[in-house]
>>> print(open('protein_14.txt').read())   # compact mmCIF, C-alpha atoms and all ligand atoms
# COMPACT_ATOMS: atom_id res chain seq x y z
CA MET A 1 -7.40 17.08 10.12
CA LYS A 2 -8.38 20.66 9.25
CA ILE A 3 -11.96 21.60 8.36
CA LEU A 4 -12.55 24.46 5.94
CA ASN A 5 -16.08 25.79 5.68
CA PHE A 6 -16.36 28.00 2.59
CA GLY A 7 -19.76 29.50 3.22
CA SER A 8 -22.26 32.25 3.76
CA ILE A 9 -22.36 34.79 6.55
CA ASN A 10 -25.65 36.57 7.21
CA ILE A 11 -27.10 39.14 9.51
CA ASP A 12 -30.34 37.39 10.51
CA ILE A 13 -33.27 39.67 11.31
CA PHE A 14 -35.88 37.63 13.20
CA PHE A 15 -39.56 38.60 13.37
CA ARG A 16 -41.83 36.61 15.75
CA VAL A 17 -45.23 36.30 14.08
CA GLU A 18 -48.43 34.43 14.80
CA HIS A 19 -48.36 32.97 11.30
CA ILE A 20 -46.11 33.42 8.25
CA VAL A 21 -47.34 36.39 6.22
CA ARG A 22 -49.57 35.47 3.25
CA PRO A 23 -49.55 37.16 -0.19
CA GLY A 24 -51.20 40.59 0.01
CA GLU A 25 -51.34 40.52 3.82
CA THR A 26 -49.73 42.94 6.31
CA ILE A 27 -49.11 41.62 9.82
CA SER A 28 -47.28 42.86 12.92
CA SER A 29 -44.37 41.19 14.63
CA GLU A 30 -44.20 40.85 18.41
CA SER A 31 -40.41 41.28 18.36
CA ILE A 32 -37.40 41.97 16.17
CA GLU A 33 -33.94 40.56 16.84
CA LYS A 34 -30.66 40.88 14.96
CA ARG A 35 -28.41 37.83 15.21
CA ALA A 36 -25.48 36.02 13.59
CA GLY A 37 -26.53 33.54 10.91
CA GLY A 38 -26.11 32.21 7.42
CA LYS A 39 -25.97 28.49 6.74
CA GLY A 40 -22.20 28.77 6.45
CA LEU A 41 -21.64 30.62 9.71
CA ASN A 42 -24.09 28.37 11.59
CA GLN A 43 -22.35 25.24 10.33
CA SER A 44 -18.94 26.63 11.28
CA VAL A 45 -20.17 27.32 14.79
CA ALA A 46 -21.66 23.81 15.04
CA LEU A 47 -18.42 22.28 13.73
CA ALA A 48 -16.37 24.29 16.23
CA LYS A 49 -18.48 22.95 19.14
CA VAL A 50 -16.99 19.50 18.42
CA SER A 51 -13.83 20.08 16.33
CA ASP A 52 -10.58 21.92 17.00
CA SER A 53 -9.44 23.20 13.59
CA VAL A 54 -12.38 24.92 11.93
CA TYR A 55 -11.67 27.67 9.39
CA HIS A 56 -14.39 29.80 7.84
CA ALA A 57 -13.80 31.38 4.42
CA GLY A 58 -16.22 33.66 2.60
CA SER A 59 -16.90 37.34 2.02
CA ILE A 60 -18.21 39.80 4.56
CA GLY A 61 -18.97 43.54 4.47
CA THR A 62 -17.74 46.13 6.96
CA ASP A 63 -21.19 46.09 8.58
CA GLY A 64 -20.56 42.47 9.63
CA ASN A 65 -17.74 42.89 12.14
CA PHE A 66 -19.90 41.62 15.00
CA LEU A 67 -20.32 38.36 13.10
CA ILE A 68 -16.56 37.88 12.92
CA GLU A 69 -16.34 38.41 16.69
CA GLU A 70 -19.15 35.94 17.24
CA MET A 71 -17.45 33.25 15.13
CA GLU A 72 -14.14 33.81 16.93
CA ASN A 73 -15.85 33.59 20.32
CA PHE A 74 -17.10 30.16 19.31
CA GLY A 75 -13.57 29.06 18.29
CA VAL A 76 -13.83 29.46 14.50
CA ASP A 77 -10.65 30.72 12.74
CA THR A 78 -11.67 33.73 10.63
CA SER A 79 -8.23 34.71 9.32
CA LEU A 80 -9.13 33.63 5.75
CA LEU A 81 -12.26 35.78 5.43
CA LYS A 82 -12.44 38.24 2.54
CA LYS A 83 -13.43 41.82 3.42
CA SER A 84 -15.87 43.09 0.79
CA ASP A 85 -17.13 46.61 0.05
CA LYS A 86 -20.63 45.12 -0.44
CA LEU A 87 -23.15 44.88 2.39
CA THR A 88 -22.99 41.66 4.40
CA GLY A 89 -25.61 39.07 3.44
CA ASN A 90 -28.96 39.44 5.20
CA ALA A 91 -31.78 37.06 6.02
CA ILE A 92 -35.26 38.27 6.88
CA ILE A 93 -36.71 35.46 8.99
CA GLN A 94 -40.30 35.06 10.18
CA VAL A 95 -40.80 32.51 12.96
CA ASP A 96 -44.38 31.51 13.75
CA ASP A 97 -46.06 30.18 16.90
CA LYS A 98 -45.15 26.60 15.98
CA GLY A 99 -41.46 27.47 15.57
CA GLU A 100 -41.60 27.07 11.78
CA ASN A 101 -39.83 29.70 9.68
CA SER A 102 -39.80 31.42 6.33
CA ILE A 103 -36.65 33.14 5.04
CA VAL A 104 -35.85 35.81 2.43
CA LEU A 105 -32.14 36.12 1.61
CA TYR A 106 -30.17 39.12 0.42
CA LYS A 107 -26.96 37.72 -1.10
CA GLY A 108 -24.78 40.83 -0.61
CA ALA A 109 -21.10 40.05 0.07
CA ASN A 110 -21.78 36.29 -0.04
CA PHE A 111 -21.60 36.60 -3.84
CA ASP A 112 -18.37 38.62 -3.87
CA ASN A 113 -15.99 35.62 -3.94
CA SER A 114 -13.53 35.39 -6.87
CA GLU A 115 -11.53 32.53 -8.36
CA SER A 116 -8.24 34.10 -7.18
CA TYR A 117 -9.61 34.33 -3.63
CA VAL A 118 -10.71 30.67 -3.79
CA ASP A 119 -7.19 29.67 -4.94
CA GLU A 120 -5.62 31.65 -2.08
CA VAL A 121 -7.89 30.06 0.53
CA LEU A 122 -7.37 26.51 -0.78
CA SER A 123 -3.57 26.97 -0.75
CA HIS A 124 -3.79 26.70 3.07
CA PHE A 125 -5.23 23.17 2.93
CA GLU A 126 -4.00 19.80 1.80
CA LYS A 127 -5.08 16.33 0.75
CA ASP A 128 -7.66 14.74 3.07
CA ASP A 129 -8.60 17.99 4.80
CA ILE A 130 -12.37 18.47 4.84
CA LEU A 131 -14.22 21.14 2.84
CA VAL A 132 -17.82 21.92 3.84
CA LEU A 133 -20.08 23.80 1.42
CA GLN A 134 -23.67 25.05 1.32
CA ASN A 135 -25.27 26.88 -1.61
CA GLU A 136 -25.48 30.48 -0.42
CA ILE A 137 -22.27 31.76 -2.08
CA ASN A 138 -20.99 32.24 -5.65
CA CYS A 139 -18.10 30.30 -7.32
CA MET A 140 -19.49 26.95 -6.07
CA PRO A 141 -18.53 24.79 -9.12
CA TYR A 142 -15.05 26.37 -9.18
CA ILE A 143 -14.51 25.69 -5.46
CA VAL A 144 -15.58 22.05 -5.88
CA ASN A 145 -13.35 21.46 -8.92
CA LYS A 146 -10.26 23.03 -7.35
CA ALA A 147 -10.73 21.37 -3.95
CA TYR A 148 -11.22 17.99 -5.67
CA GLU A 149 -8.02 18.48 -7.68
CA ASN A 150 -6.21 19.20 -4.40
CA GLY A 151 -7.54 15.99 -2.82
CA LEU A 152 -9.81 17.55 -0.19
CA LYS A 153 -12.84 15.54 0.97
CA ILE A 154 -15.89 17.57 -0.03
CA VAL A 155 -19.10 17.76 2.00
CA LEU A 156 -22.02 19.41 0.21
CA ASN A 157 -25.26 20.67 1.73
CA PRO A 158 -26.85 22.04 -1.48
CA SER A 159 -29.23 24.30 0.37
CA PRO A 160 -31.01 26.34 -0.91
CA ILE A 161 -31.32 24.41 -4.19
CA THR A 162 -30.73 26.59 -7.27
CA ASP A 163 -29.82 25.89 -10.91
CA GLU A 164 -26.15 26.46 -9.98
CA ILE A 165 -26.13 23.08 -8.21
CA GLU A 166 -26.63 21.35 -11.58
CA LYS A 167 -23.11 22.53 -12.51
CA ILE A 168 -21.54 20.59 -9.65
CA ASP A 169 -20.28 17.10 -10.42
CA LEU A 170 -21.59 14.95 -7.57
CA ASP A 171 -18.88 12.38 -8.35
CA LYS A 172 -16.50 14.85 -6.72
CA ILE A 173 -18.52 14.97 -3.50
CA ASP A 174 -17.71 12.62 -0.62
CA LEU A 175 -20.72 13.33 1.61
CA LEU A 176 -24.03 14.91 0.59
CA LEU A 177 -26.45 16.23 3.23
CA VAL A 178 -29.96 16.93 1.97
CA ASN A 179 -33.50 17.18 3.21
CA GLU A 180 -36.25 15.18 1.51
CA THR A 181 -37.25 18.02 -0.84
CA GLU A 182 -33.65 18.62 -1.90
CA ALA A 183 -33.04 14.89 -2.47
CA LYS A 184 -36.07 14.64 -4.76
CA ALA A 185 -35.12 17.84 -6.60
CA LEU A 186 -31.57 16.64 -7.26
CA ALA A 187 -32.78 13.22 -8.37
CA LYS A 188 -35.68 14.77 -10.34
CA VAL A 189 -38.12 12.25 -8.84
CA SER A 190 -41.22 12.58 -6.67
CA ASP A 191 -40.66 9.52 -4.52
CA ALA A 192 -38.11 9.22 -1.69
CA LYS A 193 -37.23 5.60 -2.54
CA LYS A 194 -36.51 6.50 -6.16
CA ALA A 195 -34.18 9.25 -4.92
CA VAL A 196 -32.13 6.66 -2.99
CA ASN A 197 -31.87 4.49 -6.11
CA TYR A 198 -30.88 7.52 -8.21
CA PHE A 199 -27.92 8.39 -5.99
CA ARG A 200 -26.83 4.76 -5.62
CA ASP A 201 -27.01 4.04 -9.35
CA ASN A 202 -25.41 7.24 -10.62
CA PHE A 203 -22.86 8.08 -7.91
CA PRO A 204 -21.69 4.76 -6.41
CA SER A 205 -19.00 6.33 -4.21
CA LEU A 206 -21.28 9.03 -2.78
CA LYS A 207 -22.41 8.87 0.86
CA VAL A 208 -25.74 10.55 1.54
CA VAL A 209 -27.53 11.77 4.66
CA GLU A 210 -31.19 12.61 4.11
CA THR A 211 -33.18 14.38 6.82
CA PHE A 212 -36.97 14.24 7.23
CA GLY A 213 -37.61 16.84 9.96
CA LYS A 214 -39.81 15.30 12.69
CA ASN A 215 -39.61 11.95 10.87
CA GLY A 216 -35.91 11.45 11.52
CA SER A 217 -33.09 10.90 9.07
CA MET A 218 -31.20 8.22 7.21
CA TYR A 219 -27.70 7.55 5.94
CA PHE A 220 -27.12 5.54 2.81
CA ASP A 221 -24.35 4.60 0.46
CA LYS A 222 -24.03 1.89 -2.18
CA ASP A 223 -24.19 -0.93 0.39
CA ASN A 224 -25.79 0.42 3.58
CA LEU A 225 -28.96 2.13 4.68
CA ILE A 226 -29.32 3.21 8.31
CA ASN A 227 -32.35 4.99 9.83
CA GLN A 228 -32.53 7.30 12.83
CA ASP A 229 -35.70 8.44 14.61
CA SER A 230 -36.08 12.02 15.74
CA PHE A 231 -36.27 13.06 19.41
CA LYS A 232 -39.46 14.69 20.64
CA VAL A 233 -38.97 18.24 21.96
CA ASP A 234 -41.04 21.42 22.23
CA ALA A 235 -39.94 23.45 19.20
CA VAL A 236 -39.57 27.20 19.66
CA ASP A 237 -37.57 27.99 16.51
CA THR A 238 -36.37 25.52 13.87
CA THR A 239 -33.97 28.02 12.22
CA GLY A 240 -30.48 26.52 11.99
CA ALA A 241 -31.54 22.99 13.04
CA GLY A 242 -30.24 21.53 9.77
CA ASP A 243 -26.96 23.43 10.14
CA THR A 244 -26.54 22.08 13.67
CA PHE A 245 -27.14 18.54 12.38
CA THR A 246 -24.55 19.06 9.62
CA GLY A 247 -21.82 20.37 11.95
CA TYR A 248 -22.19 17.52 14.43
CA PHE A 249 -22.62 14.78 11.80
CA VAL A 250 -19.59 15.89 9.76
CA THR A 251 -17.30 16.00 12.77
CA TYR A 252 -18.30 12.59 14.10
CA PHE A 253 -18.27 11.07 10.61
CA TYR A 254 -14.73 12.14 9.74
CA LYS A 255 -13.49 11.14 13.18
CA GLY A 256 -14.46 7.64 12.05
CA GLU A 257 -17.37 7.05 14.48
CA ARG A 258 -19.99 4.44 13.61
CA ILE A 259 -22.76 5.82 11.38
CA GLU A 260 -25.40 4.99 14.01
CA LYS A 261 -23.51 7.15 16.52
CA CYS A 262 -23.03 10.01 14.02
CA LEU A 263 -26.77 10.07 13.28
CA GLU A 264 -27.76 9.85 16.94
CA VAL A 265 -25.49 12.68 18.09
CA ALA A 266 -26.41 14.96 15.15
CA THR A 267 -30.13 14.30 15.75
CA LYS A 268 -29.80 15.09 19.46
CA ALA A 269 -27.89 18.31 18.67
CA SER A 270 -30.52 19.52 16.18
CA ALA A 271 -33.36 18.58 18.58
CA LEU A 272 -31.80 20.70 21.31
CA SER A 273 -31.24 23.60 18.89
CA VAL A 274 -34.97 23.94 18.12
CA THR A 275 -35.76 24.44 21.81
CA LYS A 276 -34.03 27.85 21.69
CA LYS A 277 -34.58 30.96 19.59
CA GLY A 278 -32.11 32.00 16.88
CA ALA A 279 -29.75 30.13 14.55
CA SER A 280 -26.06 30.04 15.59
CA ILE A 281 -26.91 31.07 19.15
CA SER A 282 -29.20 28.05 19.58
CA ILE A 283 -26.52 25.46 18.73
CA PRO A 284 -25.96 23.36 21.86
CA SER A 285 -22.59 22.61 23.44
CA HIS A 286 -21.06 19.18 22.97
CA GLU A 287 -21.52 18.55 26.70
CA ALA A 288 -25.25 19.33 26.51
CA VAL A 289 -25.65 17.00 23.54
CA LEU A 290 -23.86 14.14 25.31
CA LYS A 291 -26.05 14.62 28.41
CA PHE A 292 -29.31 14.73 26.44
CA LYS A 293 -31.20 11.45 26.83
CA GLY A 294 -33.86 12.20 24.23
O1 LIG B 301 -30.23 27.64 7.94
C1 LIG B 301 -30.60 28.81 8.62
C2 LIG B 301 -29.99 30.00 7.96
O2 LIG B 301 -30.53 30.15 6.66
C3 LIG B 301 -30.26 31.32 8.66
O3 LIG B 301 -29.31 31.61 9.66
C4 LIG B 301 -30.29 32.32 7.51
O4 LIG B 301 -29.23 33.20 7.51
C5 LIG B 301 -30.34 31.47 6.23
O5 LIG B 301 -29.15 31.49 5.56
>>> encode(input="protein_14.txt", output="C-alpha cells", more="lines below")
Ligand code: RIB
Amino acid sequence: MKILNFGSINIDIFFRVEHIVRPGETISSESIEKRAGGKGLNQSVALAKVSDSVYHAGSIGTDGNFLIEEMENFGVDTSLLKKSDKLTGNAIIQVDDKGENSIVLYKGANFDNSESYVDEVLSHFEKDDILVLQNEINCMPYIVNKAYENGLKIVLNPSPITDEIEKIDLDKIDLLLVNETEAKALAKVSDAKKAVNYFRDNFPSLKVVETFGKNGSMYFDKDNLINQDSFKVDAVDTTGAGDTFTGYFVTYFYKGERIEKCLEVATKASALSVTKKGASISIPSHEAVLKFKG
C-alpha cells in the first residue's frame, strides 16, 4: 500500500510571545525560529514515522531546499515534488505562554499546482493506494475527482476551511478528519450532535474522525460511534498536533487496526507532540508513542 500526500510545504517562522497580538497592538517576541512545516509536510513526516511508502507531492520554491532535505531525512519520498519559481509557502506563527498558537499563511508555491502536474503525480499510483489531502494547496477539487476516478482511497483534512471545500464531493472521500469547528462549518450547524447526524444522513459511506482538543476525539460512521479521551500533558506548543494525529490515525486505520487502537495511538502521538516546540520536529517516534502510558 502506497500513501501519497498531496499537500502544503511551509517555512514556519515561530515567534514566542506572552500572548497572541491583539488588533492595534505591537508586542515583542522572546525568540524567532525558522522550521519545516505546512500541514502537508507535517502529515507526511507523521505518516513516515509509522509507514514505509510515503510520497509527498506539491510545489516548492528554490528557497525551500532545506525542507526537502528534512522530509527525506524523515523517510518521505520527495521525487514527485514540483519545483516552482514562486517563493515557498510561509507561516508566521505566534505561540503564547499556554502553548496556543495563531497562524498567518502565505500561500506562495503551494498554489502553483496545475492539472497536468496532478495527472503526472497520480499516474504513479493505483487503485486502493491512499491519498491524503489538507486544504492549503490549489487544484483540490480536481485532485479529488481524478484520484476517485483512479480508485484511490481519499483522506481529507479540510483545514483550513475555505469556500473551495464546498466544491469537493464528500461522497468521494473515504475518511474525513475534522476538528469540532470544521465539522460544524461543513455541516452548517451550531451543535456537535447535529453535525454527526448531518454526515451520517448525507454521506452514508463516509467515515469521520472529529477531534475536540483537550476533550478528546471520536470516530463515527453510519453504524458506529467510538469516543477517546485525551491524555493530560504539559503543553509547550500545540502547532502540528492535529497533523501528528492525522498521520498516526491514517496509518493505523488503513493497516486495519481496531478503531479504538487507532484513536488511542493517534491521541498519544499528538499529546507527545505538544510537549515539544515546533511542528514537524515535535512529531514523536513510533517507539516513543508505544512506550507512552498516558
Ligand atoms: O498545522 C500546523 C501547520 O499549519 C504549521 O506547520 C503551518 O505551516 C500551518 O500550515
>>> residues_near_ligand(input="protein_14.txt", ligand="ligand LIG 301 (chain B)", cutoff="6 Å", atoms="all atoms listed in the file", output="ChimeraX atom specification")
/A:10,12,37-39,91,239-240,243,279
>>> residues_around(input="protein_14.txt", residues="Tyr248 in chain A", least_positions_apart="5", cutoff="7 Å", atoms="all atoms listed in the file", output="list in words")
Ala46, Leu47, Val50, Val265 and Ala266 of chain A
>>> atom_distance(input="protein_14.txt", atom1="CA of Asp201 in chain A", atom2="CA of Ile143 in chain A")
25.3 Å
>>> atom_distance(input="protein_14.txt", atom1="CA of Pro204 in chain A", atom2="CA of Gly216 in chain A")
23.8 Å
>>> closest_residue(input="protein_14.txt", among="A:Ser190, A:Thr62, A:Thr181, A:Ser51", to="Tyr252 in chain A", atoms="only C-alpha atoms")
A:Ser51
>>> atom_distance(input="protein_14.txt", atom1="CA of Met1 in chain A", atom2="CA of Val250 in chain A")
12.3 Å
>>> residues_around(input="protein_14.txt", residues="range 76-87 of chain A", least_positions_apart="6", cutoff="8 Å", atoms="all atoms listed in the file", output="ChimeraX atom specification")
/A:44-45,48,53-63,68,108-109,112-113,117,121
>>> closest_residue(input="protein_14.txt", among="A:Ser123, A:Asn42, A:Gln228, A:Ser114", to="Leu152 in chain A", atoms="only C-alpha atoms")
A:Ser123
>>> closest_residue(input="protein_14.txt", among="A:Ile281, A:Glu257, A:Asp96, A:Ala235", to="Asn73 in chain A", atoms="all atoms listed in the file")
A:Ile281
>>> closest_residue(input="protein_14.txt", among="A:Ile13, A:Leu176, A:Val132, A:Ile154", to="Gly247 in chain A", atoms="only C-alpha atoms")
A:Val132
>>> closest_residue(input="protein_14.txt", among="A:His286, A:Glu180, A:Lys2, A:Asp191", to="Lys127 in chain A", atoms="all atoms listed in the file")
A:Lys2
